[in-house]
Amino acid sequence: MKKENTEREVDPKFGQAIRYKRELMKLSLSELSEITGISSSYLNRLEKGDRKAPSYPIMELIARGLNLNLSELLSLASNSENDGELPEIRELLLKNDFKIGDTIVTTEVKELLLKLFEVISSAEWDDEVKFLESGMILQTVDRIKAQI
């Protein structure tokens, strides 16, 4: 079996991003295969991370098939080296703009999402307080839903 070029390996999130976008578009692997001309088995291996070094023409076909800008797909495909330090969720939420559905998330909603993470992570979740803690989680979700 031919060994793939490790210098061209894509980030493991690349396949996950393809699957996410394909499912968001409600496309099966077969349908994406028809659109792109790439075999469904190859697409499946890419999504699972079994194929790690797709060629530029393959990435271009996938980008077109998923209605993505090629640069968006290529940025997902680049190996993101980090120095071992992962960003805190607070940093990710506050520094990045994103949408929930069609709504651009405001700073207030970002703060509520952080609050939700804090409530969940600090929950003891034992039988004595589980009901109370789930109520606190639901209250935070209600506040988020009211904002979006």
# chains A, B, ... in the order shown; residues from 1 in each chain; ligands from 1
>>> residues_around(residues="Leu116 of chain A", least_positions_apart="2", cutoff="12 Å", atoms="only C-alpha atoms", output="list of chain:residue names")
A:Ile89, A:Arg90, A:Val109, A:Lys110, A:Glu111, A:Leu112, A:Leu113, A:Leu114, A:Glu118, A:Val119, A:Ile120, A:Ser121, A:Ser122, A:Ala123, A:Glu133, A:Ser134, A:Gly135, A:Met136, A:Ile137, A:Leu138, A:Gln139, A:Thr140, A:Val141, A:Asp142, A:Arg143, A:Ile144
>>> residues_around(residues="Gly101 of chain A", least_positions_apart="4", cutoff="12 Å", atoms="only C-alpha atoms", output="number ranges by chain")
A: 24, 105, 145, 148
>>> residues_around(residues="Ser40 of chain A", least_positions_apart="5", cutoff="6 Å", atoms="only C-alpha atoms", output="PyMOL selection string")
chain A and resi 29-30+33
>>> select_by_dssp(residues="segment 16-101 of chain A", states="helix (DSSP H, G or I)", output="ChimeraX atom specification")
/A:16-24,29-36,40-48,56-65,70-77,89-95
>>> select_by_dssp(residues="segment 3-128 of chain A", states="strand (DSSP E)", output="list in words")
Lys99, Ile100, Thr103 and Ile104 of chain A
>>> residues_around(residues="Asn44 of chain A", least_positions_apart="4", cutoff="9 Å", atoms="only C-alpha atoms", output="list in words")
Gly15, Arg19, Leu29, Ser39, Ser40, Lys48, Gly49, Asp50 and Arg51 of chain A
>>> write_last_selection(atoms="N, CA and C atoms", output="JSON list (two decimals), in the first residue's frame")
[["chain", "number", "residue", "atom", "x", "y", "z"],
["A", 15, "GLY", "N", -12.04, 16.03, 8.52],
["A", 15, "GLY", "CA", -13.09, 15.05, 8.21],
["A", 15, "GLY", "C", -14.37, 15.33, 8.96],
["A", 19, "ARG", "N", -18.10, 16.08, 7.33],
["A", 19, "ARG", "CA", -19.32, 15.36, 7.74],
["A", 19, "ARG", "C", -20.37, 16.33, 8.27],
["A", 29, "LEU", "N", -23.58, 10.39, 1.74],
["A", 29, "LEU", "CA", -22.27, 10.23, 1.11],
["A", 29, "LEU", "C", -22.42, 10.00, -0.40],
["A", 39, "SER", "N", -15.41, 9.16, -5.04],
["A", 39, "SER", "CA", -16.11, 7.96, -4.58],
["A", 39, "SER", "C", -16.60, 8.13, -3.14],
["A", 40, "SER", "N", -17.76, 7.55, -2.86],
["A", 40, "SER", "CA", -18.32, 7.66, -1.51],
["A", 40, "SER", "C", -17.42, 6.96, -0.49],
["A", 48, "LYS", "N", -13.89, 9.87, 8.37],
["A", 48, "LYS", "CA", -13.47, 9.09, 9.53],
["A", 48, "LYS", "C", -12.02, 9.36, 9.94],
["A", 49, "GLY", "N", -11.29, 10.07, 9.10],
["A", 49, "GLY", "CA", -9.89, 10.36, 9.39],
["A", 49, "GLY", "C", -8.94, 9.27, 8.94],
["A", 50, "ASP", "N", -9.44, 8.29, 8.19],
["A", 50, "ASP", "CA", -8.58, 7.22, 7.69],
["A", 50, "ASP", "C", -7.70, 7.69, 6.53],
["A", 51, "ARG", "N", -8.18, 8.65, 5.76],
["A", 51, "ARG", "CA", -7.39, 9.28, 4.71],
["A", 51, "ARG", "C", -6.96, 10.63, 5.25]]
>>> atom_distance(atom1="atom CA of Asp11 of chain A", atom2="atom CA of Leu61 of chain A")
18.2 Å
>>> decode(residues="segment 25-120 of chain A", atoms="C-alpha atoms", output="tab-separated table (two decimals), in the first residue's frame")
chain	number	residue	atom	x	y	z
A	25	MET	CA	-26.96	20.14	3.87
A	26	LYS	CA	-28.86	16.84	4.35
A	27	LEU	CA	-26.64	15.06	1.83
A	28	SER	CA	-25.78	11.38	1.96
A	29	LEU	CA	-22.27	10.23	1.11
A	30	SER	CA	-23.65	8.94	-2.20
A	31	GLU	CA	-25.18	12.32	-3.02
A	32	LEU	CA	-21.96	14.17	-2.21
A	33	SER	CA	-20.13	11.59	-4.31
A	34	GLU	CA	-22.43	12.35	-7.27
A	35	ILE	CA	-21.92	16.10	-6.85
A	36	THR	CA	-18.13	15.92	-6.52
A	37	GLY	CA	-17.23	12.89	-8.62
A	38	ILE	CA	-15.27	11.52	-5.63
A	39	SER	CA	-16.11	7.96	-4.58
A	40	SER	CA	-18.32	7.66	-1.51
A	41	SER	CA	-15.82	5.23	0.04
A	42	TYR	CA	-13.03	7.83	-0.27
A	43	LEU	CA	-15.29	10.52	1.21
A	44	ASN	CA	-16.20	8.15	4.05
A	45	ARG	CA	-12.52	7.46	4.80
A	46	LEU	CA	-11.82	11.21	4.78
A	47	GLU	CA	-14.67	11.86	7.22
A	48	LYS	CA	-13.47	9.09	9.53
A	49	GLY	CA	-9.89	10.36	9.39
A	50	ASP	CA	-8.58	7.22	7.69
A	51	ARG	CA	-7.39	9.28	4.71
A	52	LYS	CA	-5.18	12.06	5.96
A	53	ALA	CA	-3.67	13.71	2.87
A	54	PRO	CA	-6.25	14.62	0.22
A	55	SER	CA	-4.87	16.39	-2.83
A	56	TYR	CA	-5.63	20.01	-3.62
A	57	PRO	CA	-7.99	19.06	-6.50
A	58	ILE	CA	-9.91	16.72	-4.17
A	59	MET	CA	-10.27	19.46	-1.54
A	60	GLU	CA	-11.40	21.87	-4.26
A	61	LEU	CA	-14.11	19.44	-5.42
A	62	ILE	CA	-15.29	18.85	-1.85
A	63	ALA	CA	-15.40	22.60	-1.15
A	64	ARG	CA	-17.52	23.20	-4.24
A	65	GLY	CA	-19.78	20.26	-3.43
A	66	LEU	CA	-20.40	21.59	0.08
A	67	ASN	CA	-20.87	25.21	-1.05
A	68	LEU	CA	-17.83	26.23	0.97
A	69	ASN	CA	-15.23	28.80	0.15
A	70	LEU	CA	-12.06	26.89	-0.71
A	71	SER	CA	-10.06	28.97	1.77
A	72	GLU	CA	-12.46	27.91	4.56
A	73	LEU	CA	-11.94	24.27	3.70
A	74	LEU	CA	-8.18	24.71	3.35
A	75	SER	CA	-7.95	26.40	6.74
A	76	LEU	CA	-9.70	23.36	8.20
A	77	ALA	CA	-7.30	21.15	6.27
A	78	SER	CA	-4.13	22.76	7.57
A	79	ASN	CA	-2.42	21.08	10.47
A	80	SER	CA	-3.01	23.39	13.41
A	81	GLU	CA	0.05	23.00	15.55
A	82	ASN	CA	-0.30	24.25	19.09
A	83	ASP	CA	2.27	24.37	21.79
A	84	GLY	CA	0.31	21.97	23.95
A	85	GLU	CA	-1.76	24.71	25.53
A	86	LEU	CA	-5.41	24.65	24.68
A	87	PRO	CA	-7.49	27.79	25.00
A	88	GLU	CA	-10.04	28.09	27.76
A	89	ILE	CA	-13.69	27.94	26.70
A	90	ARG	CA	-14.09	31.55	27.90
A	91	GLU	CA	-11.38	32.69	25.49
A	92	LEU	CA	-12.90	30.76	22.59
A	93	LEU	CA	-16.40	32.09	23.18
A	94	LEU	CA	-15.48	35.70	23.78
A	95	LYS	CA	-12.85	36.08	21.05
A	96	ASN	CA	-14.82	34.45	18.25
A	97	ASP	CA	-17.99	35.53	16.53
A	98	PHE	CA	-20.46	32.78	15.68
A	99	LYS	CA	-24.12	32.11	15.00
A	100	ILE	CA	-26.73	29.89	16.56
A	101	GLY	CA	-29.05	29.11	13.69
A	102	ASP	CA	-29.41	32.40	11.85
A	103	THR	CA	-28.75	34.58	14.90
A	104	ILE	CA	-25.36	36.18	15.47
A	105	VAL	CA	-24.48	35.55	19.10
A	106	THR	CA	-24.12	38.67	21.24
A	107	THR	CA	-21.71	39.19	24.12
A	108	GLU	CA	-24.63	38.73	26.53
A	109	VAL	CA	-25.46	35.31	25.05
A	110	LYS	CA	-21.78	34.35	25.15
A	111	GLU	CA	-21.72	35.21	28.86
A	112	LEU	CA	-24.85	33.11	29.40
A	113	LEU	CA	-23.26	30.19	27.55
A	114	LEU	CA	-20.26	30.51	29.84
A	115	LYS	CA	-22.59	30.55	32.82
A	116	LEU	CA	-24.24	27.39	31.51
A	117	PHE	CA	-20.85	25.66	31.22
A	118	GLU	CA	-20.00	26.78	34.76
A	119	VAL	CA	-23.31	25.52	36.17
A	120	ILE	CA	-22.88	22.16	34.44
